[in-house]
Amino acid sequence: MHYHRHSFQAMGSPCTVHLYADTESHACAVAQQCEAEVRRLEQKYSRYRDDSITAAIHASAQSGNPFPLDHETAALLNYAHTAWEQSDGLFDITSGILRRAWDFRSGRLPSQQQIDELLPRIGWNKLHIDNNLLHFARPDMEIDFGGYVKEYAADGAAAVATQHGIQHGLVELGGDIRVIGPHPDGRPWAIGIRHPRQPGAILATLPLQQGALASSGDYERCLMVDGQRYGHILNPRTGWPVRGLMAVSVVADHCLLAGTATTIALLKGGNGIDWLNDLELPWLAMDQNGQVYGTLTDPVSSAHA
């Protein structure tokens, strides 16, 4: 079999598709199809594009008109509702508006007044979906698919590869991974989980033959002010970064589920470990003190901050 590696940049992340196929041309063509699916979803749901569904939803909200949802968008919003319920309201895709106060490249903290002005514009329970029509309680609210569309895209790209006859491969979108199948000889993919405090170091190496792995932590985007680290995972109730866990990795059948689980665990703060234990999925986490917890095997001996 021919091995093909295809790399590209999308969704603000380095992306790589690893495929095995009978011919090099087949592997190359399928890899291009995988990239096309990722780019389709980026274009459709990006908050940075004026021609995206997200922009159209916001324009509709400002006009006070309900927005008609296509099947895929309705399904993604239904998933967001389930995640909101299961996280006791912490996973809230209306909270992306907090980025207007938080600029993680500025080196400065926002004022409490800046945050307080945004909090009334947050709340999944302020949205209503009826007959695939999306209604906003306030015209100045927003939704942000960025918290889970990359994981959804990893699953989508893997599905495209499978539909084109690929049985062995892996999709990685900025650390969110969906395994299509093991190496042709049955070997699992050896996936490294990065250390949240030691650049270039590996916290654990995980063998995966199928399923997905997602990782998240305060190392992705953070702000250091007076020796205090402020991560990018923001509590929708307070508008401030959560504390408790530095990093979380979760294994699940689908990358979308794994990614949502890592985000909710981080949002749970000091209760994140208990929530992960109840989840009954394989996981690994490091708390603010550098202590490693979890059910995933092979944490490296140096895995302390």
# chains A, B, ... in the order shown; residues from 1 in each chain; ligands from 1

$ closest_atom_pairs --of "segment 111-184 of chain A" --to "segment 238-251 of chain A" --cutoff "9 Å" --atoms "only C-alpha atoms" --output "Markdown table"
| residue | atom | partner | partner_atom | distance |
| --- | --- | --- | --- | --- |
| A:Gln112 | CA | A:Gly239 | CA | 8.9 |
| A:Ile115 | CA | A:Gly239 | CA | 6.0 |
| A:Asp116 | CA | A:Gly239 | CA | 7.9 |
| A:Leu118 | CA | A:Gly239 | CA | 8.2 |
| A:Leu119 | CA | A:Gly239 | CA | 6.9 |

$ select_by_dssp --residues "segment 6-168 of chain A" --states "strand (DSSP E or B)" --output "ChimeraX atom specification"
/A:6-10,13-21,67-68,127-130,133-136,168

$ write_last_selection --atoms "C-alpha atoms" --output "PDB file, in the first residue's frame"
ATOM      1  CA  HIS A   6      -0.989  15.826   3.059  1.00  0.00           C
ATOM      2  CA  SER A   7      -0.566  19.012   5.103  1.00  0.00           C
ATOM      3  CA  PHE A   8      -2.406  22.311   4.907  1.00  0.00           C
ATOM      4  CA  GLN A   9      -3.459  25.250   7.061  1.00  0.00           C
ATOM      5  CA  ALA A  10      -7.117  25.695   7.988  1.00  0.00           C
ATOM      6  CA  SER A  13      -4.368  25.450  12.761  1.00  0.00           C
ATOM      7  CA  PRO A  14      -1.838  23.220  11.012  1.00  0.00           C
ATOM      8  CA  CYS A  15      -3.687  20.231   9.569  1.00  0.00           C
ATOM      9  CA  THR A  16      -2.407  16.873   8.338  1.00  0.00           C
ATOM     10  CA  VAL A  17      -4.106  13.932   6.658  1.00  0.00           C
ATOM     11  CA  HIS A  18      -2.285  10.565   6.723  1.00  0.00           C
ATOM     12  CA  LEU A  19      -3.682   7.992   4.283  1.00  0.00           C
ATOM     13  CA  TYR A  20      -2.840   4.546   2.953  1.00  0.00           C
ATOM     14  CA  ALA A  21      -4.252   3.564  -0.450  1.00  0.00           C
ATOM     15  CA  PHE A  67     -33.165  32.629  10.649  1.00  0.00           C
ATOM     16  CA  PRO A  68     -34.041  29.501   8.616  1.00  0.00           C
ATOM     17  CA  LEU A 127     -32.313  31.474  21.915  1.00  0.00           C
ATOM     18  CA  HIS A 128     -35.305  29.578  20.591  1.00  0.00           C
ATOM     19  CA  ILE A 129     -35.519  27.133  17.689  1.00  0.00           C
ATOM     20  CA  ASP A 130     -38.935  26.303  16.294  1.00  0.00           C
ATOM     21  CA  LEU A 133     -36.239  28.787  12.612  1.00  0.00           C
ATOM     22  CA  LEU A 134     -33.695  30.350  14.966  1.00  0.00           C
ATOM     23  CA  HIS A 135     -34.945  33.243  17.113  1.00  0.00           C
ATOM     24  CA  PHE A 136     -32.831  35.523  19.325  1.00  0.00           C
ATOM     25  CA  HIS A 168      -6.148   3.045   7.101  1.00  0.00           C
TER      26      HIS A 168
END

$ closest_residue --among "A:Gly12, A:Gly89, A:Gly107, A:Pro139" --to "Leu267 of chain A" --atoms "only C-alpha atoms"
A:Gly89

$ residues_around --residues "segment 141-143 of chain A" --least-positions-apart "3" --cutoff "8 Å" --atoms "only C-alpha atoms" --output "PyMOL selection string"
chain A and resi 54+58+61+93-97+121-122+136+138

$ residues_around --residues "Tyr148 of chain A" --least-positions-apart "6" --cutoff "7 Å" --atoms "only C-alpha atoms" --output "ChimeraX atom specification"
/A:256,259-260

$ write_last_selection --atoms "N, CA and C atoms" --output "JSON list (two decimals), in the first residue's frame"
[["chain", "number", "residue", "atom", "x", "y", "z"],
["A", 256, "LEU", "N", -15.84, 15.06, 17.76],
["A", 256, "LEU", "CA", -16.77, 16.07, 18.27],
["A", 256, "LEU", "C", -17.08, 15.82, 19.75],
["A", 259, "GLY", "N", -13.83, 16.41, 21.90],
["A", 259, "GLY", "CA", -13.52, 17.83, 22.05],
["A", 259, "GLY", "C", -14.46, 18.54, 22.99],
["A", 260, "THR", "N", -15.75, 18.23, 22.90],
["A", 260, "THR", "CA", -16.71, 18.84, 23.81],
["A", 260, "THR", "C", -16.41, 18.46, 25.24]]

$ closest_residue --among "A:Gly123, A:Leu77, A:Glu35, A:Glu117" --to "Ala154 of chain A" --atoms "only C-alpha atoms"
A:Glu35

$ select_by_dssp --residues "segment 59-187 of chain A" --states "helix (DSSP H, G or I)" --output "ChimeraX atom specification"
/A:59-63,71-86,95-100,112-121,124-126,145-147,149-163

$ closest_residue --among "A:Ile264, A:Asp185, A:Ser46, A:Arg105" --to "Arg221 of chain A" --atoms "only C-alpha atoms"
A:Arg105

$ closest_atom_pairs --of "segment 79-190 of chain A" --to "segment 199-212 of chain A" --cutoff "10 Å" --atoms "only C-alpha atoms" --output "tab-separated table"
residue	atom	partner	partner_atom	distance
A:Glu151	CA	A:Ala212	CA	9.4
A:Ala154	CA	A:Ala212	CA	9.0
A:Asp155	CA	A:Ala212	CA	8.5
A:His168	CA	A:Gln209	CA	9.2
A:Gly169	CA	A:Gln209	CA	9.5
A:Leu170	CA	A:Gln210	CA	9.0
A:Val171	CA	A:Ala212	CA	9.3
A:Glu172	CA	A:Ala212	CA	9.7
A:Asp176	CA	A:Ala212	CA	7.8
A:Ile177	CA	A:Ala212	CA	5.4
A:Arg178	CA	A:Ala212	CA	4.3
A:Val179	CA	A:Gln210	CA	5.0
A:Ile180	CA	A:Gln210	CA	6.4
A:Gly181	CA	A:Gln210	CA	5.5
A:Pro182	CA	A:Gln209	CA	4.6
A:His183	CA	A:Gln209	CA	8.0
A:Gly186	CA	A:Gln209	CA	7.8
A:Arg187	CA	A:Gln209	CA	7.3
A:Pro188	CA	A:Gln209	CA	4.4
A:Trp189	CA	A:Leu208	CA	5.2
A:Ala190	CA	A:Pro207	CA	4.6

$ write_last_selection --atoms "N, CA and C atoms" --output "PDB file, in the first residue's frame"
ATOM      1  N   GLU A 151     -13.503  20.032  15.555  1.00  0.00           N
ATOM      2  CA  GLU A 151     -13.651  18.615  15.860  1.00  0.00           C
ATOM      3  C   GLU A 151     -14.676  17.958  14.930  1.00  0.00           C
ATOM      4  N   ALA A 154     -12.961  17.322  11.701  1.00  0.00           N
ATOM      5  CA  ALA A 154     -12.084  16.144  11.723  1.00  0.00           C
ATOM      6  C   ALA A 154     -12.892  14.877  11.461  1.00  0.00           C
ATOM      7  N   ASP A 155     -14.058  14.795  12.100  1.00  0.00           N
ATOM      8  CA  ASP A 155     -14.937  13.650  11.853  1.00  0.00           C
ATOM      9  C   ASP A 155     -15.415  13.643  10.404  1.00  0.00           C
ATOM     10  N   HIS A 168      -7.286   2.828   6.202  1.00  0.00           N
ATOM     11  CA  HIS A 168      -6.148   3.045   7.101  1.00  0.00           C
ATOM     12  C   HIS A 168      -5.704   4.501   6.980  1.00  0.00           C
ATOM     13  N   GLY A 169      -5.776   5.218   8.081  1.00  0.00           N
ATOM     14  CA  GLY A 169      -5.353   6.610   8.026  1.00  0.00           C
ATOM     15  C   GLY A 169      -5.743   7.377   9.273  1.00  0.00           C
ATOM     16  N   LEU A 170      -5.440   8.664   9.242  1.00  0.00           N
ATOM     17  CA  LEU A 170      -5.666   9.524  10.403  1.00  0.00           C
ATOM     18  C   LEU A 170      -5.815  10.959   9.925  1.00  0.00           C
ATOM     19  N   VAL A 171      -6.716  11.695  10.548  1.00  0.00           N
ATOM     20  CA  VAL A 171      -6.913  13.122  10.274  1.00  0.00           C
ATOM     21  C   VAL A 171      -6.546  13.885  11.538  1.00  0.00           C
ATOM     22  N   GLU A 172      -5.685  14.883  11.390  1.00  0.00           N
ATOM     23  CA  GLU A 172      -5.314  15.717  12.539  1.00  0.00           C
ATOM     24  C   GLU A 172      -5.531  17.181  12.175  1.00  0.00           C
ATOM     25  N   ASP A 176      -6.616  17.997  17.153  1.00  0.00           N
ATOM     26  CA  ASP A 176      -7.842  17.203  17.238  1.00  0.00           C
ATOM     27  C   ASP A 176      -7.742  16.097  16.199  1.00  0.00           C
ATOM     28  N   ILE A 177      -7.846  14.854  16.675  1.00  0.00           N
ATOM     29  CA  ILE A 177      -7.481  13.710  15.843  1.00  0.00           C
ATOM     30  C   ILE A 177      -8.641  12.740  15.698  1.00  0.00           C
ATOM     31  N   ARG A 178      -8.867  12.302  14.469  1.00  0.00           N
ATOM     32  CA  ARG A 178      -9.831  11.225  14.204  1.00  0.00           C
ATOM     33  C   ARG A 178      -9.105  10.135  13.408  1.00  0.00           C
ATOM     34  N   VAL A 179      -9.101   8.932  13.957  1.00  0.00           N
ATOM     35  CA  VAL A 179      -8.443   7.801  13.314  1.00  0.00           C
ATOM     36  C   VAL A 179      -9.422   7.136  12.361  1.00  0.00           C
ATOM     37  N   ILE A 180      -8.992   6.944  11.122  1.00  0.00           N
ATOM     38  CA  ILE A 180      -9.800   6.248  10.122  1.00  0.00           C
ATOM     39  C   ILE A 180      -9.645   4.742  10.297  1.00  0.00           C
ATOM     40  N   GLY A 181      -8.439   4.314  10.602  1.00  0.00           N
ATOM     41  CA  GLY A 181      -8.125   2.912  10.825  1.00  0.00           C
ATOM     42  C   GLY A 181      -6.637   2.778  11.092  1.00  0.00           C
ATOM     43  N   PRO A 182      -6.182   1.656  11.657  1.00  0.00           N
ATOM     44  CA  PRO A 182      -4.771   1.486  11.995  1.00  0.00           C
ATOM     45  C   PRO A 182      -3.888   1.406  10.757  1.00  0.00           C
ATOM     46  N   HIS A 183      -2.582   1.339  10.971  1.00  0.00           N
ATOM     47  CA  HIS A 183      -1.661   1.068   9.864  1.00  0.00           C
ATOM     48  C   HIS A 183      -2.061  -0.254   9.199  1.00  0.00           C
ATOM     49  N   GLY A 186      -1.811  -3.417  11.043  1.00  0.00           N
ATOM     50  CA  GLY A 186      -2.546  -3.521  12.291  1.00  0.00           C
ATOM     51  C   GLY A 186      -1.991  -2.695  13.434  1.00  0.00           C
ATOM     52  N   ARG A 187      -0.810  -2.096  13.229  1.00  0.00           N
ATOM     53  CA  ARG A 187      -0.234  -1.279  14.296  1.00  0.00           C
ATOM     54  C   ARG A 187      -1.091  -0.045  14.554  1.00  0.00           C
ATOM     55  N   PRO A 188      -1.223   0.342  15.808  1.00  0.00           N
ATOM     56  CA  PRO A 188      -1.954   1.571  16.111  1.00  0.00           C
ATOM     57  C   PRO A 188      -1.115   2.793  15.770  1.00  0.00           C
ATOM     58  N   TRP A 189      -1.760   3.920  15.680  1.00  0.00           N
ATOM     59  CA  TRP A 189      -1.063   5.188  15.540  1.00  0.00           C
ATOM     60  C   TRP A 189      -0.583   5.619  16.923  1.00  0.00           C
ATOM     61  N   ALA A 190       0.679   5.990  17.021  1.00  0.00           N
ATOM     62  CA  ALA A 190       1.235   6.480  18.287  1.00  0.00           C
ATOM     63  C   ALA A 190       1.047   7.994  18.346  1.00  0.00           C
TER      64      ALA A 190
END

$ closest_residue --among "A:His164, A:Arg197, A:Arg108, A:Arg5" --to "Gly217 of chain A" --atoms "only C-alpha atoms"
A:Arg197

$ residues_around --residues "Leu90 of chain A" --least-positions-apart "3" --cutoff "8 Å" --atoms "only C-alpha atoms" --output "number ranges by chain"
A: 84, 87, 235-237, 264, 267-268

$ atom_distance --atom1 "atom CA of Pro120 of chain A" --atom2 "atom CA of Leu76 of chain A"
23.6 Å

$ atom_distance --atom1 "atom CA of Asp22 of chain A" --atom2 "atom CA of Met1 of chain A"
5.0 Å

$ decode --residues "segment 98-208 of chain A" --atoms "C-alpha atoms" --output "PDB file, in the first residue's frame"
ATOM      1  CA  LEU A  98     -16.524  37.750  25.336  1.00  0.00           C
ATOM      2  CA  ARG A  99     -13.605  37.958  22.900  1.00  0.00           C
ATOM      3  CA  ARG A 100     -14.592  41.617  22.470  1.00  0.00           C
ATOM      4  CA  ALA A 101     -13.226  42.135  25.979  1.00  0.00           C
ATOM      5  CA  TRP A 102     -10.443  39.543  25.936  1.00  0.00           C
ATOM      6  CA  ASP A 103      -7.520  40.150  23.577  1.00  0.00           C
ATOM      7  CA  PHE A 104      -4.932  37.494  24.413  1.00  0.00           C
ATOM      8  CA  ARG A 105      -2.302  39.256  22.305  1.00  0.00           C
ATOM      9  CA  SER A 106      -2.641  42.583  24.092  1.00  0.00           C
ATOM     10  CA  GLY A 107      -0.854  41.721  27.342  1.00  0.00           C
ATOM     11  CA  ARG A 108      -3.646  43.495  29.247  1.00  0.00           C
ATOM     12  CA  LEU A 109      -6.640  42.310  31.239  1.00  0.00           C
ATOM     13  CA  PRO A 110     -10.078  43.669  30.387  1.00  0.00           C
ATOM     14  CA  SER A 111     -11.872  45.831  32.926  1.00  0.00           C
ATOM     15  CA  GLN A 112     -14.748  44.386  34.907  1.00  0.00           C
ATOM     16  CA  GLN A 113     -16.962  46.995  33.251  1.00  0.00           C
ATOM     17  CA  GLN A 114     -16.071  45.668  29.788  1.00  0.00           C
ATOM     18  CA  ILE A 115     -17.054  42.169  30.871  1.00  0.00           C
ATOM     19  CA  ASP A 116     -20.214  43.261  32.674  1.00  0.00           C
ATOM     20  CA  GLU A 117     -21.446  44.993  29.524  1.00  0.00           C
ATOM     21  CA  LEU A 118     -21.217  41.704  27.605  1.00  0.00           C
ATOM     22  CA  LEU A 119     -22.665  39.240  30.128  1.00  0.00           C
ATOM     23  CA  PRO A 120     -26.347  40.123  29.456  1.00  0.00           C
ATOM     24  CA  ARG A 121     -25.748  39.200  25.808  1.00  0.00           C
ATOM     25  CA  ILE A 122     -24.785  35.632  26.754  1.00  0.00           C
ATOM     26  CA  GLY A 123     -27.125  32.726  27.360  1.00  0.00           C
ATOM     27  CA  TRP A 124     -28.092  29.766  25.196  1.00  0.00           C
ATOM     28  CA  ASN A 125     -31.480  29.801  26.961  1.00  0.00           C
ATOM     29  CA  LYS A 126     -32.135  33.180  25.314  1.00  0.00           C
ATOM     30  CA  LEU A 127     -32.313  31.474  21.915  1.00  0.00           C
ATOM     31  CA  HIS A 128     -35.305  29.578  20.591  1.00  0.00           C
ATOM     32  CA  ILE A 129     -35.519  27.133  17.689  1.00  0.00           C
ATOM     33  CA  ASP A 130     -38.935  26.303  16.294  1.00  0.00           C
ATOM     34  CA  ASN A 131     -39.571  24.495  12.995  1.00  0.00           C
ATOM     35  CA  ASN A 132     -35.911  25.043  12.053  1.00  0.00           C
ATOM     36  CA  LEU A 133     -36.239  28.787  12.612  1.00  0.00           C
ATOM     37  CA  LEU A 134     -33.695  30.350  14.966  1.00  0.00           C
ATOM     38  CA  HIS A 135     -34.945  33.243  17.113  1.00  0.00           C
ATOM     39  CA  PHE A 136     -32.831  35.523  19.325  1.00  0.00           C
ATOM     40  CA  ALA A 137     -34.234  37.148  22.463  1.00  0.00           C
ATOM     41  CA  ARG A 138     -31.856  40.078  21.934  1.00  0.00           C
ATOM     42  CA  PRO A 139     -30.674  41.535  18.617  1.00  0.00           C
ATOM     43  CA  ASP A 140     -27.133  42.058  19.945  1.00  0.00           C
ATOM     44  CA  MET A 141     -26.428  38.388  20.693  1.00  0.00           C
ATOM     45  CA  GLU A 142     -24.070  36.162  18.715  1.00  0.00           C
ATOM     46  CA  ILE A 143     -23.284  32.490  18.354  1.00  0.00           C
ATOM     47  CA  ASP A 144     -19.861  31.023  17.713  1.00  0.00           C
ATOM     48  CA  PHE A 145     -19.317  27.584  16.214  1.00  0.00           C
ATOM     49  CA  GLY A 146     -15.566  27.872  16.789  1.00  0.00           C
ATOM     50  CA  GLY A 147     -15.668  25.899  20.026  1.00  0.00           C
ATOM     51  CA  TYR A 148     -16.550  22.661  18.281  1.00  0.00           C
ATOM     52  CA  VAL A 149     -16.611  22.941  14.492  1.00  0.00           C
ATOM     53  CA  LYS A 150     -12.937  21.922  14.139  1.00  0.00           C
ATOM     54  CA  GLU A 151     -13.651  18.615  15.860  1.00  0.00           C
ATOM     55  CA  TYR A 152     -16.754  18.202  13.701  1.00  0.00           C
ATOM     56  CA  ALA A 153     -14.565  18.831  10.647  1.00  0.00           C
ATOM     57  CA  ALA A 154     -12.084  16.144  11.723  1.00  0.00           C
ATOM     58  CA  ASP A 155     -14.937  13.650  11.853  1.00  0.00           C
ATOM     59  CA  GLY A 156     -16.228  14.914   8.514  1.00  0.00           C
ATOM     60  CA  ALA A 157     -12.858  14.590   6.793  1.00  0.00           C
ATOM     61  CA  ALA A 158     -12.450  11.045   8.123  1.00  0.00           C
ATOM     62  CA  ALA A 159     -15.924  10.177   6.828  1.00  0.00           C
ATOM     63  CA  VAL A 160     -14.971  11.495   3.382  1.00  0.00           C
ATOM     64  CA  ALA A 161     -11.883   9.262   3.362  1.00  0.00           C
ATOM     65  CA  THR A 162     -13.942   6.226   4.368  1.00  0.00           C
ATOM     66  CA  GLN A 163     -16.498   6.957   1.653  1.00  0.00           C
ATOM     67  CA  HIS A 164     -13.647   6.890  -0.872  1.00  0.00           C
ATOM     68  CA  GLY A 165     -12.480   3.450   0.223  1.00  0.00           C
ATOM     69  CA  ILE A 166      -9.743   4.411   2.678  1.00  0.00           C
ATOM     70  CA  GLN A 167      -9.471   1.966   5.587  1.00  0.00           C
ATOM     71  CA  HIS A 168      -6.148   3.045   7.101  1.00  0.00           C
ATOM     72  CA  GLY A 169      -5.353   6.610   8.026  1.00  0.00           C
ATOM     73  CA  LEU A 170      -5.666   9.524  10.403  1.00  0.00           C
ATOM     74  CA  VAL A 171      -6.913  13.122  10.274  1.00  0.00           C
ATOM     75  CA  GLU A 172      -5.314  15.717  12.539  1.00  0.00           C
ATOM     76  CA  LEU A 173      -6.646  19.263  12.726  1.00  0.00           C
ATOM     77  CA  GLY A 174      -4.566  21.297  15.136  1.00  0.00           C
ATOM     78  CA  GLY A 175      -4.291  18.510  17.693  1.00  0.00           C
ATOM     79  CA  ASP A 176      -7.842  17.203  17.238  1.00  0.00           C
ATOM     80  CA  ILE A 177      -7.481  13.710  15.843  1.00  0.00           C
ATOM     81  CA  ARG A 178      -9.831  11.225  14.204  1.00  0.00           C
ATOM     82  CA  VAL A 179      -8.443   7.801  13.314  1.00  0.00           C
ATOM     83  CA  ILE A 180      -9.800   6.248  10.122  1.00  0.00           C
ATOM     84  CA  GLY A 181      -8.125   2.912  10.825  1.00  0.00           C
ATOM     85  CA  PRO A 182      -4.771   1.486  11.995  1.00  0.00           C
ATOM     86  CA  HIS A 183      -1.661   1.068   9.864  1.00  0.00           C
ATOM     87  CA  PRO A 184      -2.126  -1.672   7.228  1.00  0.00           C
ATOM     88  CA  ASP A 185      -0.184  -4.142   9.383  1.00  0.00           C
ATOM     89  CA  GLY A 186      -2.546  -3.521  12.291  1.00  0.00           C
ATOM     90  CA  ARG A 187      -0.234  -1.279  14.296  1.00  0.00           C
ATOM     91  CA  PRO A 188      -1.954   1.571  16.111  1.00  0.00           C
ATOM     92  CA  TRP A 189      -1.063   5.188  15.540  1.00  0.00           C
ATOM     93  CA  ALA A 190       1.235   6.480  18.287  1.00  0.00           C
ATOM     94  CA  ILE A 191      -0.201   9.850  19.279  1.00  0.00           C
ATOM     95  CA  GLY A 192       1.687  12.203  21.554  1.00  0.00           C
ATOM     96  CA  ILE A 193      -0.175  14.400  24.025  1.00  0.00           C
ATOM     97  CA  ARG A 194       1.779  17.598  24.476  1.00  0.00           C
ATOM     98  CA  HIS A 195       2.892  18.837  27.867  1.00  0.00           C
ATOM     99  CA  PRO A 196       1.030  22.038  28.798  1.00  0.00           C
ATOM    100  CA  ARG A 197       4.063  23.703  30.387  1.00  0.00           C
ATOM    101  CA  GLN A 198       7.145  22.224  28.707  1.00  0.00           C
ATOM    102  CA  PRO A 199       7.394  23.244  25.024  1.00  0.00           C
ATOM    103  CA  GLY A 200       8.217  20.271  22.830  1.00  0.00           C
ATOM    104  CA  ALA A 201       7.723  17.775  25.662  1.00  0.00           C
ATOM    105  CA  ILE A 202       5.221  14.931  25.587  1.00  0.00           C
ATOM    106  CA  LEU A 203       2.922  14.307  28.529  1.00  0.00           C
ATOM    107  CA  ALA A 204       1.882  10.871  27.297  1.00  0.00           C
ATOM    108  CA  THR A 205       1.966   8.710  24.175  1.00  0.00           C
ATOM    109  CA  LEU A 206      -1.275   6.986  23.278  1.00  0.00           C
ATOM    110  CA  PRO A 207      -1.723   4.085  20.827  1.00  0.00           C
ATOM    111  CA  LEU A 208      -4.975   4.474  18.852  1.00  0.00           C
TER     112      LEU A 208
END
